[in-house]
$ cat protein_23.txt   # compact mmCIF, N, CA and C atoms
# COMPACT_ATOMS: atom_id res chain seq x y z
N MET A 1 -85.15 -48.60 -234.51
CA MET A 1 -84.90 -48.92 -233.12
C MET A 1 -84.66 -50.43 -233.03
N SER A 2 -83.63 -50.84 -232.30
CA SER A 2 -83.31 -52.25 -232.18
C SER A 2 -84.33 -52.93 -231.26
N THR A 3 -84.37 -54.25 -231.35
CA THR A 3 -85.29 -55.02 -230.50
C THR A 3 -85.01 -54.77 -229.03
N THR A 4 -83.72 -54.70 -228.67
CA THR A 4 -83.34 -54.44 -227.28
C THR A 4 -83.86 -53.10 -226.81
N ASP A 5 -83.71 -52.07 -227.66
CA ASP A 5 -84.23 -50.74 -227.32
C ASP A 5 -85.75 -50.76 -227.19
N ALA A 6 -86.40 -51.43 -228.15
CA ALA A 6 -87.87 -51.50 -228.12
C ALA A 6 -88.33 -52.23 -226.86
N ASP A 7 -87.65 -53.31 -226.48
CA ASP A 7 -88.01 -54.04 -225.26
C ASP A 7 -87.82 -53.16 -224.03
N GLY A 8 -86.76 -52.36 -224.03
CA GLY A 8 -86.52 -51.44 -222.92
C GLY A 8 -87.63 -50.41 -222.80
N VAL A 9 -88.10 -49.91 -223.94
CA VAL A 9 -89.20 -48.94 -223.95
C VAL A 9 -90.47 -49.61 -223.43
N LEU A 10 -90.74 -50.83 -223.89
CA LEU A 10 -91.92 -51.56 -223.41
C LEU A 10 -91.84 -51.79 -221.90
N ALA A 11 -90.68 -52.18 -221.42
CA ALA A 11 -90.51 -52.41 -219.98
C ALA A 11 -90.78 -51.13 -219.20
N GLU A 12 -90.27 -50.01 -219.69
CA GLU A 12 -90.50 -48.72 -219.02
C GLU A 12 -91.99 -48.36 -219.05
N GLN A 13 -92.65 -48.60 -220.17
CA GLN A 13 -94.09 -48.33 -220.25
C GLN A 13 -94.87 -49.20 -219.25
N LEU A 14 -94.48 -50.46 -219.13
CA LEU A 14 -95.15 -51.34 -218.17
C LEU A 14 -94.94 -50.86 -216.74
N LEU A 15 -93.74 -50.41 -216.43
CA LEU A 15 -93.46 -49.89 -215.09
C LEU A 15 -94.28 -48.63 -214.81
N ARG A 16 -94.35 -47.75 -215.79
CA ARG A 16 -95.15 -46.53 -215.62
C ARG A 16 -96.63 -46.87 -215.44
N LEU A 17 -97.11 -47.84 -216.23
CA LEU A 17 -98.51 -48.27 -216.11
C LEU A 17 -98.76 -48.89 -214.74
N THR A 18 -97.82 -49.69 -214.26
CA THR A 18 -97.96 -50.30 -212.94
C THR A 18 -98.09 -49.23 -211.86
N ARG A 19 -97.25 -48.22 -211.92
CA ARG A 19 -97.33 -47.13 -210.93
C ARG A 19 -98.68 -46.42 -211.03
N ARG A 20 -99.15 -46.20 -212.26
CA ARG A 20 -100.44 -45.54 -212.47
C ARG A 20 -101.57 -46.41 -211.92
N LEU A 21 -101.50 -47.72 -212.19
CA LEU A 21 -102.51 -48.64 -211.67
C LEU A 21 -102.57 -48.60 -210.15
N HIS A 22 -101.41 -48.63 -209.50
CA HIS A 22 -101.37 -48.58 -208.03
C HIS A 22 -101.95 -47.27 -207.51
N ARG A 23 -101.59 -46.17 -208.15
CA ARG A 23 -102.08 -44.85 -207.70
C ARG A 23 -103.61 -44.77 -207.83
N ILE A 24 -104.13 -45.18 -208.98
CA ILE A 24 -105.58 -45.11 -209.21
C ILE A 24 -106.31 -46.08 -208.29
N HIS A 25 -105.78 -47.28 -208.14
CA HIS A 25 -106.39 -48.27 -207.25
C HIS A 25 -106.45 -47.73 -205.82
N LYS A 26 -105.36 -47.16 -205.37
CA LYS A 26 -105.29 -46.61 -204.01
C LYS A 26 -106.33 -45.49 -203.83
N GLN A 27 -106.47 -44.63 -204.84
CA GLN A 27 -107.45 -43.54 -204.77
C GLN A 27 -108.87 -44.08 -204.64
N HIS A 28 -109.16 -45.14 -205.36
CA HIS A 28 -110.51 -45.71 -205.31
C HIS A 28 -110.77 -46.49 -204.02
N LEU A 29 -109.69 -46.94 -203.37
CA LEU A 29 -109.85 -47.68 -202.11
C LEU A 29 -109.96 -46.76 -200.90
N GLU A 30 -109.46 -45.53 -201.02
CA GLU A 30 -109.47 -44.60 -199.88
C GLU A 30 -110.86 -44.44 -199.26
N PRO A 31 -111.92 -44.24 -200.06
CA PRO A 31 -113.24 -44.09 -199.44
C PRO A 31 -113.70 -45.33 -198.68
N VAL A 32 -113.18 -46.50 -199.05
CA VAL A 32 -113.53 -47.75 -198.38
C VAL A 32 -112.77 -47.85 -197.05
N GLY A 33 -111.67 -47.11 -196.94
CA GLY A 33 -110.89 -47.11 -195.71
C GLY A 33 -109.96 -48.30 -195.59
N ILE A 34 -109.41 -48.72 -196.72
CA ILE A 34 -108.58 -49.91 -196.73
C ILE A 34 -107.41 -49.70 -197.69
N THR A 35 -106.29 -50.31 -197.40
CA THR A 35 -105.12 -50.18 -198.28
C THR A 35 -105.17 -51.26 -199.36
N PRO A 36 -104.41 -51.09 -200.43
CA PRO A 36 -104.37 -52.15 -201.45
C PRO A 36 -103.92 -53.50 -200.88
N ALA A 37 -102.94 -53.50 -199.98
CA ALA A 37 -102.47 -54.77 -199.39
C ALA A 37 -103.56 -55.41 -198.53
N GLN A 38 -104.28 -54.60 -197.76
CA GLN A 38 -105.37 -55.13 -196.95
C GLN A 38 -106.49 -55.67 -197.85
N SER A 39 -106.74 -54.97 -198.93
CA SER A 39 -107.75 -55.40 -199.90
C SER A 39 -107.39 -56.77 -200.46
N ARG A 40 -106.14 -56.94 -200.82
CA ARG A 40 -105.69 -58.21 -201.39
C ARG A 40 -105.83 -59.34 -200.36
N LEU A 41 -105.47 -59.07 -199.12
CA LEU A 41 -105.60 -60.09 -198.08
C LEU A 41 -107.06 -60.44 -197.85
N LEU A 42 -107.90 -59.45 -197.79
CA LEU A 42 -109.33 -59.68 -197.56
C LEU A 42 -109.92 -60.54 -198.68
N ARG A 43 -109.58 -60.22 -199.92
CA ARG A 43 -110.06 -61.00 -201.07
C ARG A 43 -109.52 -62.43 -201.00
N THR A 44 -108.29 -62.58 -200.55
CA THR A 44 -107.69 -63.91 -200.45
C THR A 44 -108.40 -64.74 -199.39
N VAL A 45 -108.67 -64.17 -198.24
CA VAL A 45 -109.40 -64.88 -197.19
C VAL A 45 -110.76 -65.34 -197.72
N ALA A 46 -111.41 -64.50 -198.49
CA ALA A 46 -112.74 -64.81 -199.02
C ALA A 46 -112.72 -65.98 -200.00
N HIS A 47 -111.59 -66.25 -200.62
CA HIS A 47 -111.50 -67.34 -201.60
C HIS A 47 -111.49 -68.72 -200.95
N TYR A 48 -111.18 -68.78 -199.68
CA TYR A 48 -111.11 -70.07 -198.99
C TYR A 48 -112.50 -70.50 -198.54
N GLU A 49 -112.79 -71.79 -198.66
CA GLU A 49 -114.06 -72.33 -198.19
C GLU A 49 -114.12 -72.32 -196.66
N ASN A 50 -113.00 -72.71 -196.04
CA ASN A 50 -112.87 -72.68 -194.59
C ASN A 50 -111.83 -71.64 -194.22
N PRO A 51 -111.92 -71.08 -193.02
CA PRO A 51 -110.94 -70.05 -192.64
C PRO A 51 -109.50 -70.56 -192.82
N PRO A 52 -108.69 -69.82 -193.55
CA PRO A 52 -107.31 -70.25 -193.79
C PRO A 52 -106.41 -69.98 -192.59
N ARG A 53 -105.31 -70.74 -192.56
CA ARG A 53 -104.27 -70.48 -191.56
C ARG A 53 -103.48 -69.26 -192.02
N MET A 54 -102.85 -68.60 -191.09
CA MET A 54 -102.02 -67.44 -191.43
C MET A 54 -100.91 -67.87 -192.41
N ALA A 55 -100.34 -69.05 -192.19
CA ALA A 55 -99.28 -69.55 -193.07
C ALA A 55 -99.80 -69.78 -194.48
N ASP A 56 -101.05 -70.23 -194.62
CA ASP A 56 -101.66 -70.42 -195.95
C ASP A 56 -101.76 -69.08 -196.68
N LEU A 57 -102.15 -68.05 -195.92
CA LEU A 57 -102.28 -66.72 -196.52
C LEU A 57 -100.92 -66.20 -196.98
N ALA A 58 -99.91 -66.37 -196.14
CA ALA A 58 -98.56 -65.91 -196.51
C ALA A 58 -98.09 -66.60 -197.78
N ALA A 59 -98.30 -67.91 -197.86
CA ALA A 59 -97.88 -68.66 -199.04
C ALA A 59 -98.65 -68.21 -200.28
N ARG A 60 -99.94 -68.05 -200.14
CA ARG A 60 -100.78 -67.66 -201.28
C ARG A 60 -100.43 -66.26 -201.78
N LEU A 61 -100.13 -65.35 -200.85
CA LEU A 61 -99.80 -63.97 -201.21
C LEU A 61 -98.32 -63.81 -201.56
N GLU A 62 -97.54 -64.86 -201.33
CA GLU A 62 -96.10 -64.84 -201.59
C GLU A 62 -95.40 -63.73 -200.80
N VAL A 63 -95.72 -63.70 -199.50
CA VAL A 63 -95.11 -62.74 -198.58
C VAL A 63 -94.64 -63.49 -197.34
N VAL A 64 -93.83 -62.83 -196.54
CA VAL A 64 -93.39 -63.45 -195.29
C VAL A 64 -94.54 -63.45 -194.29
N PRO A 65 -94.58 -64.43 -193.40
CA PRO A 65 -95.68 -64.51 -192.43
C PRO A 65 -95.87 -63.23 -191.61
N ARG A 66 -94.80 -62.54 -191.29
CA ARG A 66 -94.91 -61.30 -190.51
C ARG A 66 -95.77 -60.26 -191.22
N ALA A 67 -95.66 -60.21 -192.55
CA ALA A 67 -96.47 -59.26 -193.32
C ALA A 67 -97.96 -59.58 -193.17
N VAL A 68 -98.29 -60.85 -193.16
CA VAL A 68 -99.69 -61.26 -192.98
C VAL A 68 -100.16 -60.88 -191.58
N THR A 69 -99.33 -61.07 -190.59
CA THR A 69 -99.70 -60.71 -189.22
C THR A 69 -100.05 -59.24 -189.13
N THR A 70 -99.24 -58.39 -189.72
CA THR A 70 -99.50 -56.94 -189.70
C THR A 70 -100.82 -56.61 -190.40
N LEU A 71 -101.07 -57.23 -191.54
CA LEU A 71 -102.31 -56.98 -192.28
C LEU A 71 -103.52 -57.48 -191.50
N VAL A 72 -103.40 -58.67 -190.93
CA VAL A 72 -104.52 -59.23 -190.14
C VAL A 72 -104.78 -58.35 -188.92
N ASP A 73 -103.72 -57.86 -188.28
CA ASP A 73 -103.90 -56.96 -187.13
C ASP A 73 -104.76 -55.76 -187.52
N ALA A 74 -104.43 -55.13 -188.64
CA ALA A 74 -105.18 -53.95 -189.08
C ALA A 74 -106.61 -54.30 -189.47
N LEU A 75 -106.79 -55.41 -190.18
CA LEU A 75 -108.13 -55.81 -190.59
C LEU A 75 -108.98 -56.27 -189.40
N GLU A 76 -108.34 -56.85 -188.42
CA GLU A 76 -109.06 -57.25 -187.21
C GLU A 76 -109.48 -56.01 -186.41
N GLU A 77 -108.60 -55.04 -186.33
CA GLU A 77 -108.90 -53.80 -185.62
C GLU A 77 -110.10 -53.08 -186.24
N SER A 78 -110.20 -53.15 -187.57
CA SER A 78 -111.31 -52.49 -188.25
C SER A 78 -112.56 -53.37 -188.31
N GLY A 79 -112.48 -54.58 -187.76
CA GLY A 79 -113.65 -55.46 -187.69
C GLY A 79 -113.91 -56.27 -188.95
N ASN A 80 -112.95 -56.30 -189.88
CA ASN A 80 -113.17 -57.02 -191.14
C ASN A 80 -112.88 -58.52 -191.05
N VAL A 81 -111.99 -58.90 -190.16
CA VAL A 81 -111.66 -60.31 -189.95
C VAL A 81 -111.54 -60.56 -188.45
N ARG A 82 -111.52 -61.83 -188.10
CA ARG A 82 -111.23 -62.20 -186.72
C ARG A 82 -110.36 -63.46 -186.75
N ARG A 83 -109.52 -63.55 -185.75
CA ARG A 83 -108.70 -64.75 -185.58
C ARG A 83 -109.54 -65.78 -184.84
N VAL A 84 -109.46 -67.02 -185.31
CA VAL A 84 -110.19 -68.10 -184.66
C VAL A 84 -109.23 -69.27 -184.45
N PRO A 85 -109.42 -70.01 -183.37
CA PRO A 85 -108.53 -71.16 -183.13
C PRO A 85 -108.80 -72.28 -184.13
N ASP A 86 -107.77 -73.01 -184.44
CA ASP A 86 -107.90 -74.19 -185.29
C ASP A 86 -108.49 -75.31 -184.43
N PRO A 87 -109.49 -76.00 -184.94
CA PRO A 87 -110.12 -77.04 -184.12
C PRO A 87 -109.20 -78.25 -183.85
N THR A 88 -108.14 -78.39 -184.64
CA THR A 88 -107.28 -79.57 -184.47
C THR A 88 -105.94 -79.27 -183.82
N SER A 89 -105.58 -77.98 -183.71
CA SER A 89 -104.28 -77.63 -183.13
C SER A 89 -104.37 -76.30 -182.40
N ARG A 90 -104.01 -76.32 -181.12
CA ARG A 90 -104.08 -75.08 -180.33
C ARG A 90 -103.08 -74.04 -180.81
N ARG A 91 -102.01 -74.48 -181.47
CA ARG A 91 -100.97 -73.53 -181.90
C ARG A 91 -101.29 -72.83 -183.21
N VAL A 92 -102.29 -73.31 -183.93
CA VAL A 92 -102.62 -72.76 -185.24
C VAL A 92 -103.75 -71.75 -185.11
N VAL A 93 -103.57 -70.62 -185.79
CA VAL A 93 -104.59 -69.58 -185.81
C VAL A 93 -105.13 -69.47 -187.24
N ARG A 94 -106.42 -69.38 -187.34
CA ARG A 94 -107.07 -69.22 -188.64
C ARG A 94 -107.68 -67.82 -188.70
N VAL A 95 -107.99 -67.38 -189.90
CA VAL A 95 -108.53 -66.03 -190.11
C VAL A 95 -109.86 -66.18 -190.85
N GLU A 96 -110.91 -65.58 -190.30
CA GLU A 96 -112.20 -65.65 -190.99
C GLU A 96 -112.77 -64.25 -191.18
N LEU A 97 -113.57 -64.14 -192.23
CA LEU A 97 -114.26 -62.88 -192.52
C LEU A 97 -115.37 -62.66 -191.50
N THR A 98 -115.62 -61.42 -191.21
CA THR A 98 -116.78 -61.04 -190.39
C THR A 98 -117.85 -60.49 -191.33
N ASP A 99 -119.00 -60.19 -190.79
CA ASP A 99 -120.05 -59.56 -191.61
C ASP A 99 -119.54 -58.22 -192.15
N THR A 100 -118.80 -57.49 -191.31
CA THR A 100 -118.21 -56.22 -191.76
C THR A 100 -117.26 -56.47 -192.92
N GLY A 101 -116.46 -57.54 -192.84
CA GLY A 101 -115.53 -57.89 -193.90
C GLY A 101 -116.25 -58.20 -195.20
N ARG A 102 -117.37 -58.90 -195.11
CA ARG A 102 -118.15 -59.21 -196.33
C ARG A 102 -118.71 -57.92 -196.93
N ALA A 103 -119.16 -57.00 -196.10
CA ALA A 103 -119.66 -55.71 -196.60
C ALA A 103 -118.51 -54.92 -197.25
N THR A 104 -117.34 -54.97 -196.63
CA THR A 104 -116.17 -54.28 -197.20
C THR A 104 -115.82 -54.87 -198.55
N LEU A 105 -115.91 -56.20 -198.70
CA LEU A 105 -115.64 -56.84 -199.99
C LEU A 105 -116.59 -56.34 -201.06
N ARG A 106 -117.86 -56.15 -200.72
CA ARG A 106 -118.82 -55.62 -201.69
C ARG A 106 -118.40 -54.21 -202.12
N SER A 107 -117.97 -53.40 -201.16
CA SER A 107 -117.50 -52.04 -201.48
C SER A 107 -116.23 -52.10 -202.33
N LEU A 108 -115.37 -53.07 -202.05
CA LEU A 108 -114.13 -53.21 -202.81
C LEU A 108 -114.40 -53.54 -204.27
N ARG A 109 -115.42 -54.36 -204.50
CA ARG A 109 -115.76 -54.70 -205.89
C ARG A 109 -116.11 -53.44 -206.67
N GLY A 110 -116.88 -52.58 -206.05
CA GLY A 110 -117.23 -51.31 -206.70
C GLY A 110 -116.01 -50.44 -206.92
N ALA A 111 -115.13 -50.39 -205.94
CA ALA A 111 -113.91 -49.58 -206.07
C ALA A 111 -113.01 -50.12 -207.17
N ARG A 112 -112.89 -51.43 -207.24
CA ARG A 112 -112.06 -52.05 -208.30
C ARG A 112 -112.66 -51.80 -209.67
N ARG A 113 -113.98 -51.89 -209.77
CA ARG A 113 -114.66 -51.62 -211.04
C ARG A 113 -114.42 -50.17 -211.47
N GLY A 114 -114.52 -49.25 -210.51
CA GLY A 114 -114.29 -47.83 -210.82
C GLY A 114 -112.86 -47.59 -211.26
N ALA A 115 -111.91 -48.22 -210.59
CA ALA A 115 -110.50 -48.07 -210.97
C ALA A 115 -110.27 -48.64 -212.36
N ALA A 116 -110.85 -49.80 -212.65
CA ALA A 116 -110.69 -50.43 -213.97
C ALA A 116 -111.28 -49.54 -215.06
N GLU A 117 -112.44 -48.98 -214.80
CA GLU A 117 -113.07 -48.10 -215.79
C GLU A 117 -112.18 -46.89 -216.08
N GLU A 118 -111.61 -46.32 -215.02
CA GLU A 118 -110.74 -45.16 -215.20
C GLU A 118 -109.49 -45.53 -215.99
N ILE A 119 -108.89 -46.64 -215.66
CA ILE A 119 -107.65 -47.07 -216.31
C ILE A 119 -107.89 -47.43 -217.77
N LEU A 120 -108.99 -48.13 -218.04
CA LEU A 120 -109.25 -48.63 -219.39
C LEU A 120 -110.03 -47.66 -220.26
N ALA A 121 -110.42 -46.52 -219.73
CA ALA A 121 -111.24 -45.56 -220.48
C ALA A 121 -110.70 -45.20 -221.87
N PRO A 122 -109.37 -45.05 -222.04
CA PRO A 122 -108.88 -44.68 -223.37
C PRO A 122 -109.00 -45.77 -224.44
N LEU A 123 -109.32 -47.00 -224.03
CA LEU A 123 -109.33 -48.12 -224.97
C LEU A 123 -110.72 -48.44 -225.47
N THR A 124 -110.79 -48.87 -226.73
CA THR A 124 -112.04 -49.37 -227.28
C THR A 124 -112.26 -50.80 -226.77
N ALA A 125 -113.44 -51.33 -227.03
CA ALA A 125 -113.74 -52.71 -226.62
C ALA A 125 -112.78 -53.69 -227.30
N ASP A 126 -112.50 -53.47 -228.58
CA ASP A 126 -111.56 -54.35 -229.30
C ASP A 126 -110.16 -54.26 -228.70
N GLN A 127 -109.71 -53.06 -228.37
CA GLN A 127 -108.39 -52.89 -227.77
C GLN A 127 -108.33 -53.58 -226.41
N ARG A 128 -109.41 -53.50 -225.65
CA ARG A 128 -109.44 -54.16 -224.33
C ARG A 128 -109.31 -55.67 -224.50
N GLU A 129 -109.98 -56.22 -225.51
CA GLU A 129 -109.90 -57.65 -225.76
C GLU A 129 -108.47 -58.06 -226.13
N VAL A 130 -107.83 -57.28 -226.99
CA VAL A 130 -106.44 -57.57 -227.37
C VAL A 130 -105.54 -57.46 -226.14
N LEU A 131 -105.72 -56.41 -225.36
CA LEU A 131 -104.92 -56.23 -224.15
C LEU A 131 -105.10 -57.41 -223.20
N GLY A 132 -106.32 -57.87 -223.04
CA GLY A 132 -106.58 -59.02 -222.18
C GLY A 132 -105.79 -60.24 -222.62
N GLY A 133 -105.75 -60.49 -223.92
CA GLY A 133 -104.98 -61.62 -224.44
C GLY A 133 -103.50 -61.45 -224.22
N LEU A 134 -103.00 -60.25 -224.44
CA LEU A 134 -101.57 -59.98 -224.24
C LEU A 134 -101.19 -60.11 -222.77
N LEU A 135 -102.02 -59.58 -221.89
CA LEU A 135 -101.73 -59.67 -220.46
C LEU A 135 -101.77 -61.13 -219.99
N SER A 136 -102.72 -61.90 -220.51
CA SER A 136 -102.77 -63.32 -220.16
C SER A 136 -101.49 -64.02 -220.57
N ALA A 137 -100.99 -63.71 -221.76
CA ALA A 137 -99.75 -64.32 -222.23
C ALA A 137 -98.58 -63.94 -221.32
N LEU A 138 -98.54 -62.69 -220.87
CA LEU A 138 -97.47 -62.25 -219.99
C LEU A 138 -97.59 -62.86 -218.59
N VAL A 139 -98.79 -62.88 -218.06
CA VAL A 139 -99.02 -63.42 -216.72
C VAL A 139 -98.76 -64.92 -216.69
N ASP A 140 -99.22 -65.62 -217.72
CA ASP A 140 -99.05 -67.07 -217.77
C ASP A 140 -97.66 -67.48 -218.24
N GLY A 141 -96.90 -66.52 -218.78
CA GLY A 141 -95.55 -66.81 -219.25
C GLY A 141 -95.50 -67.62 -220.53
N VAL A 142 -96.60 -67.59 -221.28
CA VAL A 142 -96.66 -68.35 -222.53
C VAL A 142 -96.59 -67.36 -223.68
N PRO A 143 -95.59 -67.51 -224.54
CA PRO A 143 -95.50 -66.61 -225.69
C PRO A 143 -96.73 -66.73 -226.58
N GLU A 144 -97.22 -65.59 -227.05
CA GLU A 144 -98.37 -65.60 -227.94
C GLU A 144 -97.91 -66.02 -229.33
N ARG A 145 -98.70 -66.85 -229.99
CA ARG A 145 -98.37 -67.28 -231.35
C ARG A 145 -98.66 -66.16 -232.31
N ARG A 146 -97.77 -66.01 -233.27
CA ARG A 146 -98.00 -65.00 -234.30
C ARG A 146 -98.58 -65.69 -235.53
N CYS A 147 -99.57 -65.05 -236.10
CA CYS A 147 -100.21 -65.64 -237.28
C CYS A 147 -99.51 -65.21 -238.54

$ encode --input "protein_23.txt" --output "structure tokens"
Amino acid sequence: MSTTDADGVLAEQLLRLTRRLHRIHKQHLEPVGITPAQSRLLRTVAHYENPPRMADLAARLEVVPRAVTTLVDALEESGNVRRVPDPTSRRVVRVELTDTGRATLRSLRGARRGAAEEILAPLTADQREVLGGLLSALVDGVPERRC
């Protein structure tokens, strides 16, 4: 098999794995009552020391501001976040976690752990370590050195 063919097979395997990851992640989030996108936004809000602006969230998530508005609307409706005014500008809205949001984050950690266990179950500890290194190389865009 040529390198081009092998790369095509690898790309297809990665796409299939990505779809499987999304499906399993979504299944584990259903009992929490939250979507994967809402989960990602909630985790992102939690990373900020002070409540972030909606524009900060859009930039961090690499989405258009309208997408953040829709997610914040849903999370606010469920009581996980609330919009708060910016102390320095009346036109700026910030997003902060509520106590419900913090409890949801704790549930999300368990759901993510369960999804990871299900996804990684076929691998040994050594294989998981190798996979972690390979994924880091792909995510960081740095080619792995061959010995």

$ closest_atom_pairs --input "protein_23.txt" --of "range 78-100 of chain A" --to "range 31-52 of chain A" --cutoff "7 Å" --atoms "only N, CA and C atoms" --output "CSV"
residue,atom,partner,partner_atom,distance
A:Val93,C,A:Pro52,C,5.5
A:Arg94,CA,A:Pro52,C,4.1
A:Val95,N,A:Pro52,C,4.1
A:Glu96,CA,A:Pro51,CA,4.9
A:Leu97,N,A:Val45,C,6.3

$ write_last_selection --input "protein_23.txt" --atoms "N, CA and C atoms" --output "PDB file, keeping the file's coordinate frame"
ATOM      1  N   VAL A  93    -103.570 -70.620-185.790  1.00  0.00           N
ATOM      2  CA  VAL A  93    -104.590 -69.580-185.810  1.00  0.00           C
ATOM      3  C   VAL A  93    -105.130 -69.470-187.240  1.00  0.00           C
ATOM      4  N   ARG A  94    -106.420 -69.380-187.340  1.00  0.00           N
ATOM      5  CA  ARG A  94    -107.070 -69.220-188.640  1.00  0.00           C
ATOM      6  C   ARG A  94    -107.680 -67.820-188.700  1.00  0.00           C
ATOM      7  N   VAL A  95    -107.990 -67.380-189.900  1.00  0.00           N
ATOM      8  CA  VAL A  95    -108.530 -66.030-190.110  1.00  0.00           C
ATOM      9  C   VAL A  95    -109.860 -66.180-190.850  1.00  0.00           C
ATOM     10  N   GLU A  96    -110.910 -65.580-190.300  1.00  0.00           N
ATOM     11  CA  GLU A  96    -112.200 -65.650-190.990  1.00  0.00           C
ATOM     12  C   GLU A  96    -112.770 -64.250-191.180  1.00  0.00           C
ATOM     13  N   LEU A  97    -113.570 -64.140-192.230  1.00  0.00           N
ATOM     14  CA  LEU A  97    -114.260 -62.880-192.520  1.00  0.00           C
ATOM     15  C   LEU A  97    -115.370 -62.660-191.500  1.00  0.00           C
TER      16      LEU A  97
END

$ closest_atom_pairs --input "protein_23.txt" --of "range 18-107 of chain A" --to "range 112-128 of chain A" --cutoff "7 Å" --atoms "all atoms listed in the file" --output "tab-separated table"
residue	atom	partner	partner_atom	distance
A:Ile24	C	A:Ala115	CA	5.4
A:His25	CA	A:Ala115	CA	5.5
A:His28	CA	A:Ala115	N	6.0
A:Leu29	N	A:Arg112	N	6.7
A:Ser107	C	A:Arg112	N	6.0

$ axis_aligned_box --input "protein_23.txt" --around "range 61-64 of chain A" --padding-each-side "3 Å" --output "lines of an AutoDock Vina configuration file"
center_x = -96.8
center_y = -64.0
center_z = -197.9
size_x = 12.7
size_y = 8.6
size_z = 13.3

$ residues_around --input "protein_23.txt" --residues "Val92 in chain A" --least-positions-apart "3" --cutoff "10 Å" --atoms "only C-alpha atoms" --output "ChimeraX atom specification"
/A:53-55,84-89

$ closest_residue --input "protein_23.txt" --among "A:Leu57, A:Ala11, A:Val68, A:Val81" --to "Thr98 in chain A" --atoms "all atoms listed in the file"
A:Val81

$ select_by_dssp --input "protein_23.txt" --residues "range 21-128 of chain A" --states "helix (DSSP H, G or I)" --output "PyMOL selection string"
chain A and resi 21-32+36-47+54-61+65-77+99-120+125-128

$ atom_distance --input "protein_23.txt" --atom1 "atom N of Arg102 in chain A" --atom2 "atom N of Ser78 in chain A"
11.9 Å

$ atom_distance --input "protein_23.txt" --atom1 "atom N of Arg20 in chain A" --atom2 "CA of Glu62 in chain A"
21.7 Å

$ atom_distance --input "protein_23.txt" --atom1 "atom N of Leu17 in chain A" --atom2 "atom C of Arg109 in chain A"
22.0 Å

$ select_by_dssp --input "protein_23.txt" --residues "range 58-122 of chain A" --states "strand (DSSP E or B)" --output "list in words"
Val81, Arg82, Arg83, Val84, Pro85, Val93, Arg94, Val95, Glu96 and Leu97 of chain A
